[in-house]
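For reference, target_3.txt is printed below; it contains compact mmCIF, C-alpha atoms and all ligand atoms.
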```txt
# COMPACT_ATOMS: atom_id res chain seq x y z
CA ASP G 1 88.66 102.35 66.38
CA THR G 2 86.41 99.39 65.79
CA PRO G 3 83.39 98.94 68.07
CA ALA G 4 83.50 95.14 67.46
CA ALA G 5 83.53 93.00 70.58
CA PRO G 6 87.19 91.89 70.79
CA GLY G 7 87.78 88.30 69.69
CA LYS G 8 84.15 87.82 68.72
CA THR G 9 83.21 85.93 65.56
CA TYR G 10 79.76 87.03 64.45
CA LEU G 11 77.50 84.34 63.02
CA ILE G 12 75.79 85.64 59.89
CA ALA G 13 72.92 83.67 58.36
CA THR G 14 72.10 83.64 54.68
CA ASP G 15 70.02 82.01 51.98
CA THR G 16 71.14 78.89 50.10
CA THR G 17 70.62 79.94 46.48
CA PHE G 18 69.85 83.55 45.70
CA ALA G 19 72.10 84.52 42.83
CA PRO G 20 73.53 87.07 42.21
CA PHE G 21 73.45 87.81 45.97
CA GLU G 22 74.54 84.46 47.43
CA PHE G 23 75.36 81.27 45.55
CA GLN G 24 78.15 78.75 45.07
CA ASP G 25 80.67 79.27 42.29
CA ALA G 26 82.19 76.41 40.25
CA GLN G 27 84.77 75.83 43.02
CA GLY G 28 82.07 75.58 45.66
CA ASN G 29 82.87 78.95 47.24
CA PHE G 30 79.95 80.98 48.51
CA VAL G 31 79.99 84.19 46.44
CA GLY G 32 77.70 86.98 45.28
CA ILE G 33 76.94 90.62 45.98
CA ASP G 34 75.94 90.04 49.62
CA MET G 35 78.90 87.76 50.31
CA ASP G 36 81.42 90.14 48.72
CA LEU G 37 79.92 93.22 50.40
CA LEU G 38 80.03 91.59 53.82
CA LYS G 39 83.60 90.43 53.29
CA ALA G 40 84.75 93.89 52.21
CA ILE G 41 82.86 95.59 55.06
CA ALA G 42 84.30 93.19 57.66
CA GLU G 43 87.80 93.86 56.33
CA ASP G 44 87.20 97.61 56.37
CA GLN G 45 85.76 97.57 59.89
CA GLY G 46 87.95 94.84 61.33
CA PHE G 47 85.47 92.25 62.54
CA GLN G 48 85.37 88.47 62.20
CA TYR G 49 82.36 86.53 60.98
CA GLU G 50 81.26 83.10 59.88
CA ILE G 51 78.57 82.46 57.27
CA GLN G 52 75.71 80.09 58.09
CA VAL G 53 74.00 78.84 54.93
CA LEU G 54 70.52 78.20 56.27
CA GLY G 55 67.92 79.31 53.73
CA PHE G 56 65.85 82.48 53.90
CA ASP G 57 63.04 81.60 56.29
CA ALA G 58 65.42 79.61 58.49
CA SER G 59 67.72 82.65 58.65
CA LEU G 60 64.84 84.83 59.86
CA GLN G 61 64.15 82.29 62.63
CA SER G 62 67.81 81.86 63.50
CA VAL G 63 68.37 85.59 64.04
CA GLN G 64 65.19 85.89 66.09
CA SER G 65 66.16 82.97 68.33
CA GLY G 66 69.67 84.36 68.83
CA GLN G 67 71.41 81.46 67.05
CA SER G 68 72.69 83.96 64.49
CA ASP G 69 73.99 87.46 65.20
CA GLY G 70 72.82 88.86 61.90
CA MET G 71 71.67 88.02 58.40
CA ILE G 72 72.37 89.14 54.86
CA ALA G 73 70.18 87.43 52.29
CA GLY G 74 68.75 89.93 49.85
CA MET G 75 66.45 90.76 52.74
CA SER G 76 63.85 93.43 52.07
CA ILE G 77 63.47 96.18 54.66
CA THR G 78 59.72 95.95 55.28
CA ASP G 79 57.69 97.76 57.94
CA ALA G 80 56.54 94.43 59.39
CA ARG G 81 60.14 93.29 59.77
CA ARG G 82 61.21 96.57 61.36
CA GLU G 83 59.14 95.50 64.37
CA ILE G 84 61.40 92.45 64.83
CA PHE G 85 64.75 93.43 63.32
CA ASP G 86 67.09 96.39 63.17
CA PHE G 87 68.32 97.11 59.65
CA SER G 88 71.37 98.71 58.09
CA GLU G 89 71.00 101.45 55.51
CA PRO G 90 69.54 100.01 52.28
CA TYR G 91 72.20 98.72 49.88
CA PHE G 92 70.18 97.50 46.87
CA ASP G 93 66.77 98.37 45.38
CA SER G 94 64.39 95.57 44.48
CA GLY G 95 60.83 94.63 43.55
CA VAL G 96 58.71 91.54 42.95
CA VAL G 97 57.93 89.92 39.59
CA MET G 98 55.98 86.90 38.39
CA GLY G 99 57.89 84.18 36.58
CA ILE G 100 56.30 81.62 34.26
CA LYS G 101 57.67 78.80 32.11
CA ALA G 102 59.47 80.20 29.06
CA ASP G 103 57.21 78.40 26.57
CA ASN G 104 53.94 79.29 28.33
CA GLU G 105 51.85 81.44 25.99
CA GLU G 106 48.68 81.15 28.06
CA ILE G 107 49.50 83.31 31.07
CA LYS G 108 49.62 87.03 30.33
CA GLY G 109 48.61 88.44 33.71
CA TYR G 110 47.44 87.60 37.22
CA ALA G 111 43.86 86.93 35.99
CA ASP G 112 45.16 83.91 34.07
CA LEU G 113 46.22 82.29 37.36
CA ALA G 114 42.58 81.51 38.25
CA GLY G 115 42.21 77.86 39.31
CA LYS G 116 45.96 77.33 39.09
CA ASN G 117 48.73 76.82 41.62
CA VAL G 118 51.59 79.23 42.27
CA ALA G 119 55.02 78.42 43.77
CA ILE G 120 56.32 80.79 46.44
CA LYS G 121 59.25 80.87 48.83
CA LYS G 122 58.38 80.79 52.50
CA GLY G 123 58.76 84.02 54.44
CA THR G 124 59.62 86.22 51.46
CA GLU G 125 58.25 89.49 50.14
CA GLY G 126 57.29 87.62 46.93
CA ALA G 127 55.27 85.15 48.98
CA ALA G 128 53.57 87.98 50.89
CA PHE G 129 52.62 89.60 47.58
CA ALA G 130 51.18 86.34 46.18
CA GLU G 131 49.26 85.77 49.44
CA SER G 132 47.83 89.28 49.18
CA ILE G 133 46.31 88.65 45.71
CA MET G 134 45.52 84.91 45.79
CA ASP G 135 41.89 85.31 46.86
CA GLU G 136 41.22 88.07 44.38
CA TYR G 137 42.65 86.05 41.46
CA GLY G 138 41.59 82.61 42.68
CA PHE G 139 44.86 80.69 42.78
CA THR G 140 46.38 78.35 45.37
CA VAL G 141 49.99 78.41 46.62
CA THR G 142 52.70 75.88 47.43
CA TYR G 143 55.62 76.88 49.64
CA PHE G 144 59.28 76.18 48.95
CA ALA G 145 62.34 76.74 51.15
CA ASP G 146 64.60 77.99 48.36
CA SER G 147 64.43 79.66 44.98
CA SER G 148 65.85 76.72 42.94
CA ASN G 149 63.10 74.33 43.98
CA MET G 150 60.48 77.02 43.43
CA TYR G 151 61.73 77.55 39.85
CA GLU G 152 61.83 73.78 39.24
CA ASP G 153 58.19 73.46 40.23
CA VAL G 154 57.23 76.00 37.57
CA LYS G 155 59.44 74.33 34.95
CA ALA G 156 57.93 70.94 35.79
CA GLY G 157 54.47 72.41 35.23
CA ASN G 158 53.23 71.73 38.78
CA SER G 159 52.86 75.45 39.35
CA ALA G 160 51.79 77.96 36.72
CA ALA G 161 53.94 80.74 38.12
CA CYS G 162 56.24 81.87 40.92
CA PHE G 163 56.85 85.25 42.55
CA GLU G 164 60.44 86.33 43.05
CA ASP G 165 62.60 89.43 43.44
CA TYR G 166 63.28 91.08 40.10
CA PRO G 167 67.11 91.20 40.30
CA VAL G 168 67.17 87.50 41.19
CA LEU G 169 64.68 86.19 38.65
CA GLY G 170 66.16 88.52 36.03
CA TYR G 171 69.61 87.07 36.73
CA ALA G 172 68.28 83.49 36.59
CA ILE G 173 66.61 84.18 33.25
CA SER G 174 69.87 85.63 31.91
CA GLN G 175 71.41 82.25 32.83
CA ASP G 176 68.80 80.46 30.67
CA ILE G 177 66.85 78.99 33.52
CA GLY G 178 63.80 78.32 31.34
CA LEU G 179 61.47 80.91 32.84
CA LYS G 180 60.28 84.31 31.64
CA ILE G 181 58.63 87.47 32.97
CA VAL G 182 55.45 88.75 31.30
CA THR G 183 54.13 91.31 33.81
CA GLU G 184 55.36 94.60 35.23
CA MET G 185 57.43 94.66 38.41
CA GLU G 186 55.54 95.27 41.68
CA ARG G 187 57.06 97.86 43.95
CA GLY G 188 59.24 96.24 46.59
CA ASN G 189 61.55 97.27 49.40
CA SER G 190 65.30 97.70 49.29
CA TYR G 191 67.67 95.15 50.77
CA GLY G 192 69.35 95.61 54.12
CA PHE G 193 71.57 93.77 56.57
CA ALA G 194 69.65 92.81 59.73
CA VAL G 195 70.14 91.94 63.39
CA ASN G 196 67.59 90.97 66.02
CA LYS G 197 65.96 94.15 67.36
CA GLY G 198 68.14 95.77 70.01
CA GLN G 199 70.90 93.18 69.70
CA ASN G 200 74.43 93.52 68.29
CA PRO G 201 73.91 97.23 67.57
CA GLU G 202 77.64 97.55 66.80
CA LEU G 203 77.16 95.22 63.82
CA ILE G 204 74.69 97.64 62.21
CA GLU G 205 76.99 100.55 63.00
CA MET G 206 79.95 98.80 61.40
CA PHE G 207 77.92 97.64 58.41
CA ASP G 208 76.73 101.19 57.72
CA ALA G 209 80.17 102.73 58.21
CA GLY G 210 81.82 100.09 56.03
CA LEU G 211 79.14 100.37 53.34
CA GLN G 212 79.68 104.12 53.17
CA ASN G 213 83.45 103.61 52.84
CA LEU G 214 82.89 101.10 50.03
CA ARG G 215 80.56 103.50 48.25
CA ASP G 216 83.16 106.27 48.57
CA SER G 217 86.06 104.11 47.37
CA GLY G 218 84.19 102.69 44.38
CA LYS G 219 84.44 99.15 45.78
CA TYR G 220 80.65 98.90 46.18
CA GLN G 221 80.14 99.61 42.48
CA GLU G 222 82.95 97.24 41.58
CA ILE G 223 81.20 94.41 43.46
CA LEU G 224 77.88 95.13 41.72
CA ASP G 225 79.62 95.20 38.33
CA THR G 226 81.18 91.80 39.04
CA TYR G 227 77.76 90.17 39.18
CA ILE G 228 75.48 92.44 37.16
CA LYS G 229 76.76 92.91 33.63
CA LYS G 230 75.50 95.98 31.82
N1 LIG G 301 63.82 90.08 49.23
C1 LIG G 301 62.92 89.04 49.63
C2 LIG G 301 62.56 89.16 51.07
O1 LIG G 301 63.25 89.77 51.83
C3 LIG G 301 63.46 87.64 49.33
C4 LIG G 301 64.75 87.30 50.01
C5 LIG G 301 65.23 85.90 49.71
O2 LIG G 301 64.50 85.09 49.15
N2 LIG G 301 66.47 85.61 50.05
O3 LIG G 301 61.57 88.64 51.48
```
Please go through the file and, once you have read it, give me the structure as structure tokens.
Amino acid sequence: DTPAAPGKTYLIATDTTFAPFEFQDAQGNFVGIDMDLLKAIAEDQGFQYEIQVLGFDASLQSVQSGQSDGMIAGMSITDARREIFDFSEPYFDSGVVMGIKADNEEIKGYADLAGKNVAIKKGTEGAAFAESIMDEYGFTVTYFADSSNMYEDVKAGNSAACFEDYPVLGYAISQDIGLKIVTEMERGNSYGFAVNKGQNPELIEMFDAGLQNLRDSGKYQEILDTYIKK
């Protein structure tokens, strides 16, 4: 028995470029761990959905304003967000790292950011981390709406560094994006699927039930292995 509202198509917001969680493949299809998990969970639980490719901060706003029913976007389950959103069980562990240009030999730690500018992505855990240390280390920040433009700003030399989720920056670096990581990972929160607090509770129920089924069947691991090569 599915608790989905009959005939309802849930609108699910996501980020634009956040490989390996959501990105376009060579054919222009939106793929990645989040996209494949949601697809498999919807099939398992028997609900319909439509993906809205909005960007991360825009997705947060869209869910809060009720223009989206939920979001999946490598979204960290933070205490601050728990005030505003209801989350599924965590489905992926993450953390924040600093990325610098691959040929930069000057920056070895946060102290070397003094007097420099740092690129961050609006509304993210990486941005919150940078904001929390910017006064201490004396750097300024510029905000971007998506990860690609944030990386480009570092490659172009406008920003000395960016802060990004480890699995995402690690994946980008494995694709020869021209950046590197020189510091340890900062502790971060795990990813969850989210709805506006108190709304669409059946979506969280179905996500959790479906996720558990995928873990049990091995499909969850299969999806991870598709995008994260050992
Ligand atoms: N995990 C980070 C957060 O939730 C970044 C998510 C993203 O950029 N899509 O803030």
Give as a list of chain:residue names every residue, naming chains and numbers as the document does, that has an atom within 10 Å of (74.0, 91.5, 50.5), counting only C-alpha atoms.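 The requested residues, written out, are G:Thr14, G:Pro20, G:Phe21, G:Glu22, G:Gly32, G:Ile33, G:Asp34, G:Met35, G:Asp36, G:Leu37, G:Leu38, G:Met71, G:Ile72, G:Ala73, G:Gly74, G:Met75, G:Pro90, G:Tyr91, G:Phe92, G:Tyr191, G:Gly192, G:Phe193.
Residue nearest ligand LIG 301 (chain G) within the list G:Ile181, G:Ile84, G:Ala145, G:Met134: G:Ala145 [criterion: smallest interatomic distance, only C-alpha atoms and all ligand atoms].
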Output the neighbourhood of ligand LIG 301 (chain G) as a list of chain:residue names, that is, all protein and nucleic acid residues with some atom at most 6 Å from the ligand, counting all atoms listed in the file.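 Counting all atoms listed in the file, the residues within 6 Å of ligand LIG 301 (chain G) come out as G:Asp15, G:Phe18, G:Phe56, G:Ala73, G:Gly74, G:Met75, G:Ser76, G:Thr124, G:Glu125, G:Asp165.
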Atomic separation - atom CA of Tyr137 of chain G relative to atom CA of Ile173 of chain G, Å: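 For atom CA of Ile173 of chain G relative to atom CA of Tyr137 of chain G, the distance reads 25.4 Å.
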Counting all atoms listed in the file, which of G:Glu83, G:Asp69, G:Asp93, G:Glu105 gets nearest to Ser190 of chain G?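 Looking only at the distances to Ser190 of chain G, the closest residue turns out to be G:Asp93.
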By how many Å are atom CA of Val118 of chain G and atom CA of Ser159 of chain G apart?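 Pair atom CA of Val118 of chain G / atom CA of Ser159 of chain G returns 4.9 Å.
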Residue neighbourhood Met150 of chain G, 9 Å, all atoms listed in the file, exclusion window fewer than 6 positions, as a list in words: Ala119, Ile120, Lys121, Thr142, Tyr143, Phe144, Ser159 and Cys162 of chain G
Write out, as a PDB file, keeping the file's coordinate frame, the residues just selected, with C-alpha atoms.
```pdb
ATOM      1  CA  ALA G 119      55.020  78.420  43.770  1.00  0.00           C
ATOM      2  CA  ILE G 120      56.320  80.790  46.440  1.00  0.00           C
ATOM      3  CA  LYS G 121      59.250  80.870  48.830  1.00  0.00           C
ATOM      4  CA  THR G 142      52.700  75.880  47.430  1.00  0.00           C
ATOM      5  CA  TYR G 143      55.620  76.880  49.640  1.00  0.00           C
ATOM      6  CA  PHE G 144      59.280  76.180  48.950  1.00  0.00           C
ATOM      7  CA  SER G 159      52.860  75.450  39.350  1.00  0.00           C
ATOM      8  CA  CYS G 162      56.240  81.870  40.920  1.00  0.00           C
TER       9      CYS G 162
END
```
What gap, in Å, lies between atom CA of Lys39 of chain G and atom CA of Asp176 of chain G?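 We find that atom CA of Lys39 of chain G and atom CA of Asp176 of chain G lie 28.8 Å from each other.
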Option closest in space to Ala161 of chain G, from G:Asn200, G:Thr140, G:Ser148, G:Asn117 [counting all atoms listed in the file]: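 Using all atoms listed in the file, the shortest distance to Ala161 of chain G belongs to G:Asn117.
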May I ask which of the residues G:Ala42, G:Ile204, G:Val53, G:Val141 is the closest one to Asn158 of chain G, counting only C-alpha atoms?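 Of G:Ala42, G:Ile204, G:Val53, G:Val141, the one nearest Asn158 of chain G, counting only C-alpha atoms, is G:Val141.
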Between G:Lys108, G:Arg81, G:Lys8, G:Lys122, which one has atoms that come closest to Gly55 of chain G, using only C-alpha atoms?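 Ranking G:Lys108, G:Arg81, G:Lys8, G:Lys122 by distance to Gly55 of chain G, first place goes to G:Lys122.
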I want to know what sits within 12 Å of Leu179 of chain G, based on only C-alpha atoms, with residues of the same chain fewer than 3 positions away left out; could you give that as a VMD selection string? chain G and resid 97 to 105 148 150 to 157 160 to 164 169 to 176 182
Residues near Ala194 of chain G, anyone? I mean within 7 Å using all atoms listed in the file, not counting same-chain ones fewer than 4 positions away, as a list in words. Gly70, Met71, Ile72, Phe85, Asp86, Phe87 and Ser88 of chain G
What would the file look like if the residues just selected were written as a JSON list (two decimals), keeping the file's coordinate frame with C-alpha atoms?
```
[["chain", "number", "residue", "atom", "x", "y", "z"],
["G", 70, "GLY", "CA", 72.82, 88.86, 61.90],
["G", 71, "MET", "CA", 71.67, 88.02, 58.40],
["G", 72, "ILE", "CA", 72.37, 89.14, 54.86],
["G", 85, "PHE", "CA", 64.75, 93.43, 63.32],
["G", 86, "ASP", "CA", 67.09, 96.39, 63.17],
["G", 87, "PHE", "CA", 68.32, 97.11, 59.65],
["G", 88, "SER", "CA", 71.37, 98.71, 58.09]]
```
Spatial sel., origin (73.5, 99.2, 69.5), limit 12 Å, all atoms listed in the file, listed as JSON, numbers by chain: {"G": [3, 4, 5, 86, 87, 88, 195, 196, 197, 198, 199, 200, 201, 202, 203, 204, 205, 206]}
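Distance check against Leu60 of chain G using all atoms listed in the file: of G:Tyr10, G:Gly123, G:Glu106, G:Glu186, the minimum falls on G:Gly123.
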